[in-house]
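Content type mmCIF, C-alpha atoms, from the file upload_6.cif:
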data_target
#
loop_
_atom_site.label_atom_id
_atom_site.label_comp_id
_atom_site.auth_asym_id
_atom_site.auth_seq_id
_atom_site.Cartn_x
_atom_site.Cartn_y
_atom_site.Cartn_z
CA MET P 25 0.00 0.00 0.00
CA GLU P 26 2.77 2.41 0.93
CA ILE P 27 4.48 1.63 -2.37
CA LYS P 28 1.37 2.72 -4.28
CA ILE P 29 1.11 5.94 -2.26
CA MET P 30 4.78 6.64 -2.89
CA LYS P 31 4.27 6.07 -6.61
CA ASN P 32 1.42 8.57 -6.67
CA ILE P 33 3.49 11.17 -4.84
CA LEU P 34 6.42 10.64 -7.19
CA ASP P 35 4.17 10.80 -10.27
CA ARG P 36 2.65 14.08 -9.18
CA ASN P 37 6.13 15.39 -8.40
CA GLN P 38 7.38 14.34 -11.82
CA ASN P 39 4.54 16.12 -13.64
CA LYS P 40 5.24 19.37 -11.85
CA ALA P 41 9.00 18.94 -12.35
CA ASN P 42 8.41 18.66 -16.09
CA GLU P 43 6.49 21.96 -15.99
CA VAL P 44 9.29 23.65 -14.06
CA ARG P 45 11.89 22.32 -16.51
CA ASP P 46 9.88 23.53 -19.50
CA LEU P 47 9.56 26.99 -17.97
CA LEU P 48 13.27 27.25 -17.11
CA THR P 49 14.26 26.01 -20.56
CA SER P 50 12.05 28.59 -22.24
CA LYS P 51 13.64 31.28 -20.07
CA ARG P 52 17.15 29.89 -20.63
CA VAL P 53 17.81 29.54 -16.89
CA LEU P 54 20.09 26.75 -15.64
CA MET P 55 19.07 25.12 -12.35
CA VAL P 56 21.51 23.12 -10.21
CA ASN P 57 20.06 20.89 -7.48
CA ILE P 58 22.75 20.52 -4.77
CA ILE P 59 22.41 17.42 -2.60
CA SER P 60 24.49 16.24 0.37
CA SER P 61 24.44 15.01 3.94
CA PRO P 62 24.10 17.63 6.69
CA GLY P 63 27.34 19.51 7.10
CA ALA P 64 29.11 18.32 3.94
CA GLY P 65 29.64 21.94 2.92
CA LYS P 66 26.87 22.96 0.51
CA THR P 67 26.58 26.49 1.88
CA THR P 68 30.33 27.05 2.00
CA LEU P 69 30.53 25.82 -1.60
CA LEU P 70 27.87 28.38 -2.51
CA GLU P 71 29.76 31.14 -0.68
CA ARG P 72 32.92 30.36 -2.69
CA THR P 73 31.01 29.99 -5.94
CA LEU P 74 29.02 33.21 -5.54
CA GLY P 75 32.23 35.02 -4.58
CA GLU P 76 33.74 33.95 -7.89
CA LEU P 77 30.73 34.10 -10.22
CA SER P 78 28.27 36.68 -8.93
CA GLU P 79 29.70 39.46 -11.09
CA LYS P 80 30.02 37.26 -14.19
CA PHE P 81 26.54 35.77 -14.12
CA ARG P 82 23.04 36.66 -12.90
CA ILE P 83 22.47 34.19 -10.08
CA GLY P 84 19.56 33.27 -7.83
CA VAL P 85 19.51 30.87 -4.87
CA ILE P 86 16.78 28.72 -3.33
CA GLU P 87 17.65 27.59 0.20
CA GLY P 88 15.89 24.46 1.43
CA ASP P 89 15.98 24.17 5.20
CA ILE P 90 13.93 22.39 7.80
CA THR P 91 13.42 25.29 10.13
CA THR P 92 15.95 28.16 10.04
CA ASP P 93 17.24 30.72 7.52
CA ARG P 94 20.83 30.45 8.77
CA ASP P 95 22.22 29.38 5.40
CA ALA P 96 20.44 32.21 3.57
CA GLN P 97 21.85 34.69 6.08
CA ARG P 98 25.34 33.54 5.16
CA LEU P 99 24.67 34.36 1.49
CA LYS P 100 22.97 37.74 1.93
CA ARG P 101 26.17 39.73 1.43
CA PHE P 102 26.26 38.81 -2.25
CA GLY P 103 23.19 40.95 -2.93
CA ILE P 104 21.51 38.34 -5.12
CA PRO P 105 17.90 37.12 -4.95
CA ILE P 106 17.54 34.35 -2.36
CA VAL P 107 14.36 32.52 -1.39
CA VAL P 108 14.16 30.25 1.66
CA ILE P 109 11.86 27.23 1.65
CA ASN P 110 11.33 25.92 5.19
CA THR P 111 10.08 22.37 4.92
CA GLY P 112 8.86 22.30 8.54
CA GLY P 113 10.40 18.91 9.19
CA GLY P 114 10.16 17.67 5.61
CA CYS P 115 13.25 15.77 4.53
CA HIS P 116 13.58 17.04 0.95
CA LEU P 117 12.40 19.72 -1.48
CA ASP P 118 9.88 18.80 -4.15
CA SER P 119 8.91 20.30 -7.49
CA HIS P 120 5.72 21.88 -6.10
CA SER P 121 7.66 23.93 -3.55
CA ILE P 122 10.11 25.01 -6.27
CA SER P 123 7.31 25.92 -8.66
CA LYS P 124 5.67 28.13 -6.02
CA VAL P 125 8.79 30.21 -5.36
CA LEU P 126 9.87 30.73 -8.98
CA ASP P 127 7.57 33.79 -9.06
CA HIS P 128 10.02 35.53 -6.73
CA PHE P 129 12.71 35.50 -9.43
CA ASP P 130 12.90 37.64 -12.55
CA LEU P 131 13.51 34.67 -14.83
CA ASP P 132 14.01 36.88 -17.89
CA ASN P 133 17.09 38.35 -16.23
CA LEU P 134 18.69 35.31 -14.66
CA ASP P 135 21.33 32.84 -15.86
CA VAL P 136 21.30 30.24 -13.11
CA ILE P 137 19.49 29.19 -9.92
CA PHE P 138 21.40 27.17 -7.34
CA VAL P 139 19.07 25.10 -5.17
CA GLU P 140 20.52 24.02 -1.84
CA ASN P 141 18.43 21.02 -0.92
CA VAL P 142 17.75 19.86 2.66
CA GLY P 143 20.77 18.09 4.19
CA ASN P 144 20.00 14.49 3.40
CA LEU P 145 21.83 12.07 1.11
CA ILE P 146 18.79 9.87 0.48
CA CYS P 147 15.33 11.43 -0.02
CA PRO P 148 16.28 14.46 -2.16
CA SER P 149 17.70 12.17 -4.84
CA GLN P 150 14.23 10.69 -5.42
CA PHE P 151 12.52 14.00 -6.16
CA ASP P 152 13.12 15.68 -9.50
CA LEU P 153 12.78 19.44 -8.98
CA GLY P 154 12.90 20.28 -12.68
CA GLU P 155 16.62 21.03 -12.35
CA THR P 156 19.05 20.95 -15.27
CA PHE P 157 21.26 18.59 -13.29
CA LYS P 158 22.04 17.38 -9.77
CA LEU P 159 25.31 18.14 -8.00
CA ALA P 160 26.38 15.79 -5.20
CA VAL P 161 28.58 17.08 -2.40
CA VAL P 162 30.32 14.67 -0.04
CA SER P 163 32.92 15.40 2.59
CA VAL P 164 36.11 13.45 3.27
CA ALA P 165 35.04 13.25 6.93
CA GLU P 166 32.01 11.14 5.97
CA GLY P 167 34.31 8.32 4.85
CA ASP P 168 35.19 6.72 1.54
CA ASP P 169 32.28 4.25 1.60
CA LYS P 170 29.50 6.74 0.82
CA PRO P 171 29.11 6.04 -2.94
CA GLU P 172 28.56 2.35 -2.32
CA LYS P 173 26.29 2.81 0.71
CA TYR P 174 24.20 5.68 -0.73
CA PRO P 175 24.42 5.09 -4.48
CA MET P 176 21.30 6.94 -5.68
CA VAL P 177 22.57 10.49 -5.63
CA PHE P 178 25.93 9.51 -7.12
CA ARG P 179 24.17 7.64 -9.91
CA GLU P 180 21.95 10.61 -10.75
CA ALA P 181 24.40 13.50 -10.38
CA LYS P 182 26.25 15.09 -13.29
CA ALA P 183 29.06 16.16 -10.98
CA VAL P 184 30.37 15.45 -7.50
CA ILE P 185 32.30 17.72 -5.19
CA LEU P 186 34.58 15.85 -2.77
CA ASN P 187 34.92 18.51 -0.08
CA LYS P 188 37.23 18.97 2.92
CA ILE P 189 40.27 17.42 1.25
CA ASP P 190 42.36 19.32 3.82
CA LEU P 191 41.13 16.74 6.37
CA ILE P 192 42.50 13.73 4.45
CA PRO P 193 45.74 13.58 6.52
CA HIS P 194 43.66 13.50 9.72
CA THR P 195 41.20 10.75 8.71
CA ASN P 196 41.30 7.19 7.37
CA PHE P 197 39.72 8.28 4.08
CA ASN P 198 40.99 6.00 1.29
CA ASN P 199 40.93 7.82 -2.03
CA GLU P 200 41.41 4.65 -4.10
CA ASN P 201 38.36 3.00 -2.54
CA PHE P 202 36.27 6.11 -3.04
CA THR P 203 37.37 6.44 -6.67
CA SER P 204 36.77 2.82 -7.64
CA ASP P 205 33.37 2.65 -5.88
CA LEU P 206 32.30 5.89 -7.53
CA LYS P 207 33.41 4.66 -10.94
CA LYS P 208 31.33 1.51 -10.59
CA ILE P 209 28.22 3.60 -9.91
CA ASN P 210 28.80 6.42 -12.39
CA ASP P 211 31.81 6.42 -14.68
CA THR P 212 30.97 9.68 -16.46
CA ILE P 213 30.47 11.89 -13.40
CA ALA P 214 32.61 15.03 -13.28
CA ARG P 215 34.58 15.18 -10.04
CA PHE P 216 36.16 18.05 -8.15
CA ASP P 217 38.30 17.53 -5.04
CA VAL P 218 38.34 20.77 -3.07
CA SER P 219 38.40 22.41 0.32
CA CYS P 220 35.65 25.00 0.34
CA THR P 221 36.59 26.27 3.81
CA ARG P 222 40.19 26.94 2.78
CA GLY P 223 39.42 27.69 -0.86
CA ASP P 224 41.87 25.05 -2.08
CA ASP P 225 41.69 23.70 -5.65
CA MET P 226 38.47 25.54 -6.55
CA GLU P 227 39.63 26.74 -9.98
CA ARG P 228 38.65 23.64 -11.96
CA TRP P 229 35.18 23.76 -10.38
CA PHE P 230 34.75 27.46 -11.18
CA ASN P 231 35.73 26.81 -14.80
CA TRP P 232 33.46 23.83 -15.15
CA ILE P 233 30.36 25.46 -13.64
CA SER P 234 31.02 28.65 -15.66
CA GLY P 235 31.09 26.50 -18.78
CA GLN P 236 27.82 24.82 -17.81
CA ILE P 237 26.16 28.22 -17.36
CA SER P 238 27.65 29.79 -20.50
CA ASN P 239 26.81 26.87 -22.75
CA ARG P 240 23.51 25.97 -21.11
CA TYR P 241 21.39 25.94 -24.20
CA SER P 242 23.88 25.44 -26.97
CA GLY P 243 23.77 22.17 -28.82
CA MET S 19 -3.65 14.98 1.42
CA GLU S 20 -0.04 14.00 1.92
CA ILE S 21 -0.31 15.11 5.55
CA LYS S 22 -3.18 12.69 6.12
CA ILE S 23 -1.28 9.84 4.46
CA MET S 24 1.75 10.64 6.61
CA LYS S 25 -0.44 10.60 9.73
CA ASN S 26 -1.78 7.16 8.82
CA ILE S 27 1.72 5.81 8.26
CA LEU S 28 2.93 7.26 11.55
CA ASP S 29 -0.11 5.92 13.44
CA ARG S 30 0.44 2.41 12.10
CA ASN S 31 4.13 2.71 12.95
CA GLN S 32 3.31 3.83 16.49
CA ASN S 33 0.97 0.90 17.11
CA LYS S 34 3.60 -1.60 16.07
CA ALA S 35 6.28 0.27 18.04
CA ASN S 36 4.15 -0.07 21.17
CA GLU S 37 3.96 -3.84 20.58
CA VAL S 38 7.73 -4.04 20.13
CA ARG S 39 8.29 -2.02 23.32
CA ASP S 40 5.92 -4.22 25.31
CA LEU S 41 7.70 -7.35 24.10
CA LEU S 42 11.18 -5.99 24.87
CA THR S 43 10.06 -4.78 28.29
CA SER S 44 8.61 -8.18 29.14
CA LYS S 45 11.91 -9.79 28.08
CA ARG S 46 13.97 -7.14 29.90
CA VAL S 47 15.90 -6.21 26.76
CA LEU S 48 17.14 -2.62 26.31
CA MET S 49 17.00 -1.26 22.76
CA VAL S 50 19.05 1.73 21.64
CA ASN S 51 18.10 3.44 18.36
CA ILE S 52 21.25 5.12 16.99
CA ILE S 53 20.61 8.01 14.59
CA SER S 54 23.05 10.21 12.66
CA SER S 55 23.98 11.64 9.28
CA PRO S 56 25.91 9.39 6.89
CA GLY S 57 29.48 9.03 8.03
CA ALA S 58 29.13 10.53 11.52
CA GLY S 59 30.62 7.36 12.98
CA LYS S 60 27.79 5.08 14.12
CA THR S 61 29.55 1.88 13.08
CA THR S 62 32.89 2.92 14.56
CA LEU S 63 31.06 3.77 17.80
CA LEU S 64 29.57 0.28 17.76
CA GLU S 65 32.99 -1.29 17.13
CA ARG S 66 34.40 0.51 20.19
CA THR S 67 31.35 -0.22 22.31
CA LEU S 68 31.21 -3.91 21.42
CA GLY S 69 34.95 -4.16 22.04
CA GLU S 70 34.40 -2.90 25.57
CA LEU S 71 31.04 -4.46 26.46
CA SER S 72 30.62 -7.68 24.51
CA GLU S 73 32.03 -9.83 27.31
CA LYS S 74 30.12 -8.01 30.06
CA PHE S 75 26.71 -8.06 28.41
CA ARG S 76 24.72 -10.18 25.97
CA ILE S 77 24.40 -7.90 22.94
CA GLY S 78 22.58 -8.03 19.61
CA VAL S 79 22.80 -5.60 16.68
CA ILE S 80 20.33 -4.61 13.96
CA GLU S 81 22.03 -2.90 11.03
CA GLY S 82 19.83 -0.66 8.90
CA ASP S 83 21.33 -0.01 5.50
CA ILE S 84 20.02 1.01 2.13
CA THR S 85 21.73 -1.61 0.07
CA THR S 86 24.91 -3.20 1.47
CA ASP S 87 25.97 -5.22 4.51
CA ARG S 88 29.30 -3.41 4.84
CA ASP S 89 28.62 -2.19 8.37
CA ALA S 90 27.55 -5.64 9.54
CA GLN S 91 30.75 -7.11 8.07
CA ARG S 92 32.75 -4.72 10.24
CA LEU S 93 31.03 -6.08 13.38
CA LYS S 94 31.21 -9.80 12.57
CA ARG S 95 34.40 -10.35 14.52
CA PHE S 96 32.60 -9.84 17.83
CA GLY S 97 30.69 -13.08 17.36
CA ILE S 98 27.35 -11.61 18.43
CA PRO S 99 23.98 -11.96 16.67
CA ILE S 100 23.63 -9.34 13.92
CA VAL S 101 20.69 -8.87 11.57
CA VAL S 102 20.86 -6.62 8.51
CA ILE S 103 17.76 -4.80 7.29
CA ASN S 104 18.25 -3.50 3.75
CA THR S 105 15.66 -0.81 3.15
CA GLY S 106 16.13 -0.90 -0.64
CA GLY S 107 16.27 2.87 -0.91
CA GLY S 108 14.09 3.59 2.12
CA CYS S 109 15.41 6.46 4.21
CA HIS S 110 14.72 5.10 7.71
CA LEU S 111 13.85 1.97 9.66
CA ASP S 112 10.32 1.53 10.96
CA SER S 113 8.76 -0.55 13.72
CA HIS S 114 7.38 -3.13 11.29
CA SER S 115 10.84 -3.99 9.97
CA ILE S 116 12.16 -4.23 13.55
CA SER S 117 9.26 -6.42 14.64
CA LYS S 118 9.91 -8.84 11.79
CA VAL S 119 13.58 -9.41 12.65
CA LEU S 120 13.18 -9.79 16.41
CA ASP S 121 12.51 -13.50 15.83
CA HIS S 122 16.16 -13.87 14.88
CA PHE S 123 17.25 -13.01 18.42
CA ASP S 124 16.99 -15.16 21.53
CA LEU S 125 15.35 -12.42 23.58
CA ASP S 126 15.39 -14.52 26.76
CA ASN S 127 19.17 -14.45 26.67
CA LEU S 128 19.90 -10.87 25.62
CA ASP S 129 20.55 -7.67 27.58
CA VAL S 130 20.60 -5.06 24.84
CA ILE S 131 20.01 -4.55 21.11
CA PHE S 132 21.79 -1.71 19.37
CA VAL S 133 19.95 -0.57 16.25
CA GLU S 134 22.08 1.31 13.73
CA ASN S 135 19.51 3.28 11.77
CA VAL S 136 19.97 4.39 8.13
CA GLY S 137 22.35 7.37 7.85
CA ASN S 138 19.91 10.26 7.90
CA LEU S 139 19.48 12.99 10.50
CA ILE S 140 15.84 13.67 9.62
CA CYS S 141 13.46 10.83 8.79
CA PRO S 142 14.58 8.25 11.40
CA SER S 143 13.71 10.67 14.20
CA GLN S 144 10.04 10.54 13.17
CA PHE S 145 9.69 6.76 13.43
CA ASP S 146 9.49 5.17 16.86
CA LEU S 147 10.96 1.67 16.59
CA GLY S 148 9.87 0.60 20.06
CA GLU S 149 13.33 1.46 21.38
CA THR S 150 14.09 2.25 25.02
CA PHE S 151 15.74 5.48 23.91
CA LYS S 152 17.32 7.23 20.94
CA LEU S 153 21.04 8.04 20.74
CA ALA S 154 22.11 10.87 18.44
CA VAL S 155 25.59 10.85 16.92
CA VAL S 156 27.00 13.95 15.29
CA SER S 157 30.51 14.60 14.04
CA VAL S 158 32.60 17.73 14.55
CA ALA S 159 33.14 17.82 10.79
CA GLU S 160 29.42 18.42 10.21
CA GLY S 161 29.68 21.81 11.91
CA ASP S 162 28.39 23.32 15.13
CA ASP S 163 25.02 24.38 13.65
CA LYS S 164 23.46 20.92 13.43
CA PRO S 165 21.31 21.05 16.61
CA GLU S 166 19.61 24.24 15.50
CA LYS S 167 19.20 23.17 11.86
CA TYR S 168 18.06 19.59 12.55
CA PRO S 169 16.46 19.87 16.00
CA MET S 170 14.18 16.81 15.96
CA VAL S 171 16.67 14.10 16.77
CA PHE S 172 18.40 16.21 19.43
CA ARG S 173 15.04 16.93 21.06
CA GLU S 174 14.11 13.25 21.17
CA ALA S 175 17.43 11.66 22.11
CA LYS S 176 18.39 10.70 25.66
CA ALA S 177 22.07 11.07 24.82
CA VAL S 178 24.28 12.57 22.14
CA ILE S 179 27.74 11.52 21.05
CA LEU S 180 29.83 14.37 19.62
CA ASN S 181 32.29 12.34 17.57
CA LYS S 182 35.61 13.13 15.84
CA ILE S 183 36.78 15.64 18.47
CA ASP S 184 40.30 15.00 17.18
CA LEU S 185 39.30 17.07 14.12
CA ILE S 186 38.40 20.19 16.16
CA PRO S 187 41.83 21.84 15.60
CA HIS S 188 41.42 21.35 11.84
CA THR S 189 37.89 22.76 11.48
CA ASN S 190 35.95 25.91 12.41
CA PHE S 191 33.76 23.98 14.85
CA ASN S 192 32.72 26.31 17.68
CA ASN S 193 32.04 24.33 20.83
CA GLU S 194 30.28 27.20 22.62
CA ASN S 195 27.77 27.62 19.80
CA PHE S 196 27.13 23.88 19.68
CA THR S 197 26.68 23.70 23.44
CA SER S 198 24.30 26.64 23.75
CA ASP S 199 22.19 25.58 20.74
CA LEU S 200 21.95 22.04 22.08
CA LYS S 201 20.96 23.29 25.54
CA LYS S 202 18.11 25.35 24.06
CA ILE S 203 16.72 22.26 22.35
CA ASN S 204 17.31 19.68 25.09
CA ASP S 205 18.83 20.69 28.41
CA THR S 206 18.74 17.23 29.97
CA ILE S 207 20.48 15.31 27.19
CA ALA S 208 23.55 13.33 28.25
CA ARG S 209 26.56 14.30 26.16
CA PHE S 210 29.79 12.51 25.36
CA ASP S 211 32.60 14.15 23.38
CA VAL S 212 34.76 11.40 21.90
CA SER S 213 36.87 10.25 19.01
CA CYS S 214 35.70 6.77 18.07
CA THR S 215 38.42 6.34 15.44
CA ARG S 216 41.19 7.09 17.92
CA GLY S 217 39.37 5.76 20.97
CA ASP S 218 39.79 9.05 22.85
CA ASP S 219 37.62 9.85 25.89
CA MET S 220 35.37 6.80 25.53
CA GLU S 221 35.40 5.86 29.24
CA ARG S 222 32.51 8.10 30.36
CA TRP S 223 30.39 6.72 27.50
CA PHE S 224 31.22 3.10 28.38
CA ASN S 225 30.27 3.75 32.01
CA TRP S 226 27.05 5.51 31.11
CA ILE S 227 25.82 2.92 28.62
CA SER S 228 26.82 0.11 31.00
CA GLY S 229 24.71 1.79 33.67
CA GLN S 230 21.77 2.07 31.28
CA ILE S 231 21.99 -1.65 30.52
CA SER S 232 22.53 -2.76 34.11
CA ASN S 233 19.72 -0.65 35.53
CA ARG S 234 17.37 -1.04 32.63
CA TYR S 235 14.34 -2.16 34.53
CA SER S 236 15.03 -0.92 38.02
CA GLY S 237 12.83 1.87 39.32
#

Can I see the file as structure tokens?
Amino acid sequence: MEIKIMKNILDRNQNKANEVRDLLTSKRVLMVNIISSPGAGKTTLLERTLGELSEKFRIGVIEGDITTDRDAQRLKRFGIPIVVINTGGGCHLDSHSISKVLDHFDLDNLDVIFVENVGNLICPSQFDLGETFKLAVVSVAEGDDKPEKYPMVFREAKAVILNKIDLIPHTNFNNENFTSDLKKINDTIARFDVSCTRGDDMERWFNWISGQISNRYSG
Amino acid sequence: MEIKIMKNILDRNQNKANEVRDLLTSKRVLMVNIISSPGAGKTTLLERTLGELSEKFRIGVIEGDITTDRDAQRLKRFGIPIVVINTGGGCHLDSHSISKVLDHFDLDNLDVIFVENVGNLICPSQFDLGETFKLAVVSVAEGDDKPEKYPMVFREAKAVILNKIDLIPHTNFNNENFTSDLKKINDTIARFDVSCTRGDDMERWFNWISGQISNRYSG
């Protein structure tokens, strides 16, 4: 019975996601759905990325949070449009909540919307928001076994950020295990090993995401 | 509509949880429901705890995992009964899945069952398994803002393990912020700051959990 209910919920979500995607495509706005565990560094990644790109591109942010606007507060200084969706305990964003807040953006004058999903490596990967692609973020401190144990988001994502590489010397993170497990699940995923807190090795990421935005509707 | 469906699911879960709790109480078996984000260190905590307690107490483990038995493999060497529940994508354990696997344990000859829930700081806190109490695990690397951003599990837990304290010098974790936010949410929670990987400062935890097991049905 629960399986049938879940299918109905996912079907309704998919229909609305298709609408969102059609709208964004017609407006030529890229949308990146950022998914990670709590504390993997999504907001710090956004701080670094906005610091680099907010003068080059017209950027909006949707912040998914259970109850606070703490993450949005951290991004206010960039002077870009930010909308907070408080899920009130809900464990993921869905396409209906995204659809409702798109009115707050001037889509005719926007290049990209970054969506910071609720901190959860499982549920958000099941709900299409109408995004152009998913971005997985995983921290070294979570351990090298995450791709194998939580494969869904790594399977679905176009790119993965391995964050907190400055902690590698202080943990038992095994890069070879992580790499081979990830490859088994998704051998075309783009990968960026960085430290968002320190700002280490961000250049390749900045170039890649700039390319995704610039070329978003070519070819 | 989804709210009503969710209420039905939670009601059915609660009924079964009450049955599980009655059974465990009648058998004098403590059950600890361990909840954390992916990679916070639940399995390493269990390795340390079983290493210390498996000769003093009769222990069973239920391992909740999405798809693998990797965590259970890590605990095999202790020679205790372990049951794996693969949720097949499901983001939390529920009381029905617990009820079904209790047959695999000899409850008349058991003191405690540790349940390692699926790695998720949100959904597992909504589903009573029939446990005696919940134990939250959170790692320094996740940041000091987790209690405020994900309050449910911290509100419900009897104890919290702050793990990976050896990483404090390498992160921007602010212990005062963590402490005051946690206090606002739950000012009676027992707290243990440890490093499970290194084995630092585990003694207070071992004593506390031993006391919980020993005194489980006194007073």

- Message: Starting from the PyMOL selection byres ((chain S) within 7 of (chain P)), expand the selection into actual residues of this file and give them as a PyMOL selection string.
- Response: chain S and resi 55-58+84-86+109+138+140-141+159-161+167-168

- Query: Near Glu155 in chain P, within 12 Å and counting only C-alpha atoms, which residues show up once chain neighbours fewer than 6 positions away are dropped, as a VMD selection string?
  - Reply: chain P and resid 38 40 to 49 53 to 59 86 117 to 119 122 to 123 136 to 141 149 180 to 182

Using C-alpha atoms, can you export the residues from the last selection as a compact mmCIF listing (two decimals), in the frame of the given file?
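Contents of selection-v1.txt, as written:
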# COMPACT_ATOMS: atom_id res chain seq x y z
CA GLN P 38 7.38 14.34 -11.82
CA LYS P 40 5.24 19.37 -11.85
CA ALA P 41 9.00 18.94 -12.35
CA ASN P 42 8.41 18.66 -16.09
CA GLU P 43 6.49 21.96 -15.99
CA VAL P 44 9.29 23.65 -14.06
CA ARG P 45 11.89 22.32 -16.51
CA ASP P 46 9.88 23.53 -19.50
CA LEU P 47 9.56 26.99 -17.97
CA LEU P 48 13.27 27.25 -17.11
CA THR P 49 14.26 26.01 -20.56
CA VAL P 53 17.81 29.54 -16.89
CA LEU P 54 20.09 26.75 -15.64
CA MET P 55 19.07 25.12 -12.35
CA VAL P 56 21.51 23.12 -10.21
CA ASN P 57 20.06 20.89 -7.48
CA ILE P 58 22.75 20.52 -4.77
CA ILE P 59 22.41 17.42 -2.60
CA ILE P 86 16.78 28.72 -3.33
CA LEU P 117 12.40 19.72 -1.48
CA ASP P 118 9.88 18.80 -4.15
CA SER P 119 8.91 20.30 -7.49
CA ILE P 122 10.11 25.01 -6.27
CA SER P 123 7.31 25.92 -8.66
CA VAL P 136 21.30 30.24 -13.11
CA ILE P 137 19.49 29.19 -9.92
CA PHE P 138 21.40 27.17 -7.34
CA VAL P 139 19.07 25.10 -5.17
CA GLU P 140 20.52 24.02 -1.84
CA ASN P 141 18.43 21.02 -0.92
CA SER P 149 17.70 12.17 -4.84
CA GLU P 180 21.95 10.61 -10.75
CA ALA P 181 24.40 13.50 -10.38
CA LYS P 182 26.25 15.09 -13.29

- Message: Can you spell out as a list of chain:residue names the set of residues that the PyMOL selection byres ((chain S and resi 100) around 9) selects in the structure I just provided?
- Response: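 What the PyMOL selection byres ((chain S and resi 100) around 9) grabs from the file is S:Gly78, S:Val79, S:Ile80, S:Glu81, S:Ala90, S:Leu93, S:Lys94, S:Gly97, S:Ile98, S:Pro99, S:Val101, S:Val102, S:His122, S:Phe123.
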
- Query: For the atom pair CA of Lys66 in chain P and CA of Ile213 in chain P, what is the interatomic distance in Å to one decimal place?
  - Reply: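 Computed distance, CA of Lys66 in chain P to CA of Ile213 in chain P, equals 18.1 Å.
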
- Among listed residues P:Thr212, P:Ser204, P:Asn198, P:Thr156, nearest Val184 in chain P (using all atoms listed in the file): P:Thr212

- Message: Please enumerate the residues selected by the PyMOL selection byres ((chain P and resi 227-235) around 12) when evaluated against the supplied file, formatted as a PyMOL selection string.
- Response: chain P and resi 54-56+69-70+72-83+135-136+138+157+159+182-187+214-220+223-226+236-242

- Message: So that I can see what lies close to Asp205 in chain P, please list as a PyMOL selection string the residues with an atom at most 8 Å from it, counting only C-alpha atoms and leaving out residues fewer than 2 positions away in the same chain.
- Response: chain P and resi 169+171-172+201-203+207-209

- Using only C-alpha atoms, find the one residue out of P:Arg98, P:Asn210, P:Asp35, P:Lys51 that sits nearest to Asp132 in chain P. P:Lys51

- Task: Take CA of Val161 in chain P and CA of Glu71 in chain P and report the distance between them in Å, one decimal.
- Result: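 Interatomic distance here is 14.2 Å.
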
- Computed interatomic separation between CA of Asn33 in chain S and CA of Asp146 in chain S (Å):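 Computing the Euclidean distance for CA of Asn33 in chain S and CA of Asp146 in chain S yields 9.5 Å.
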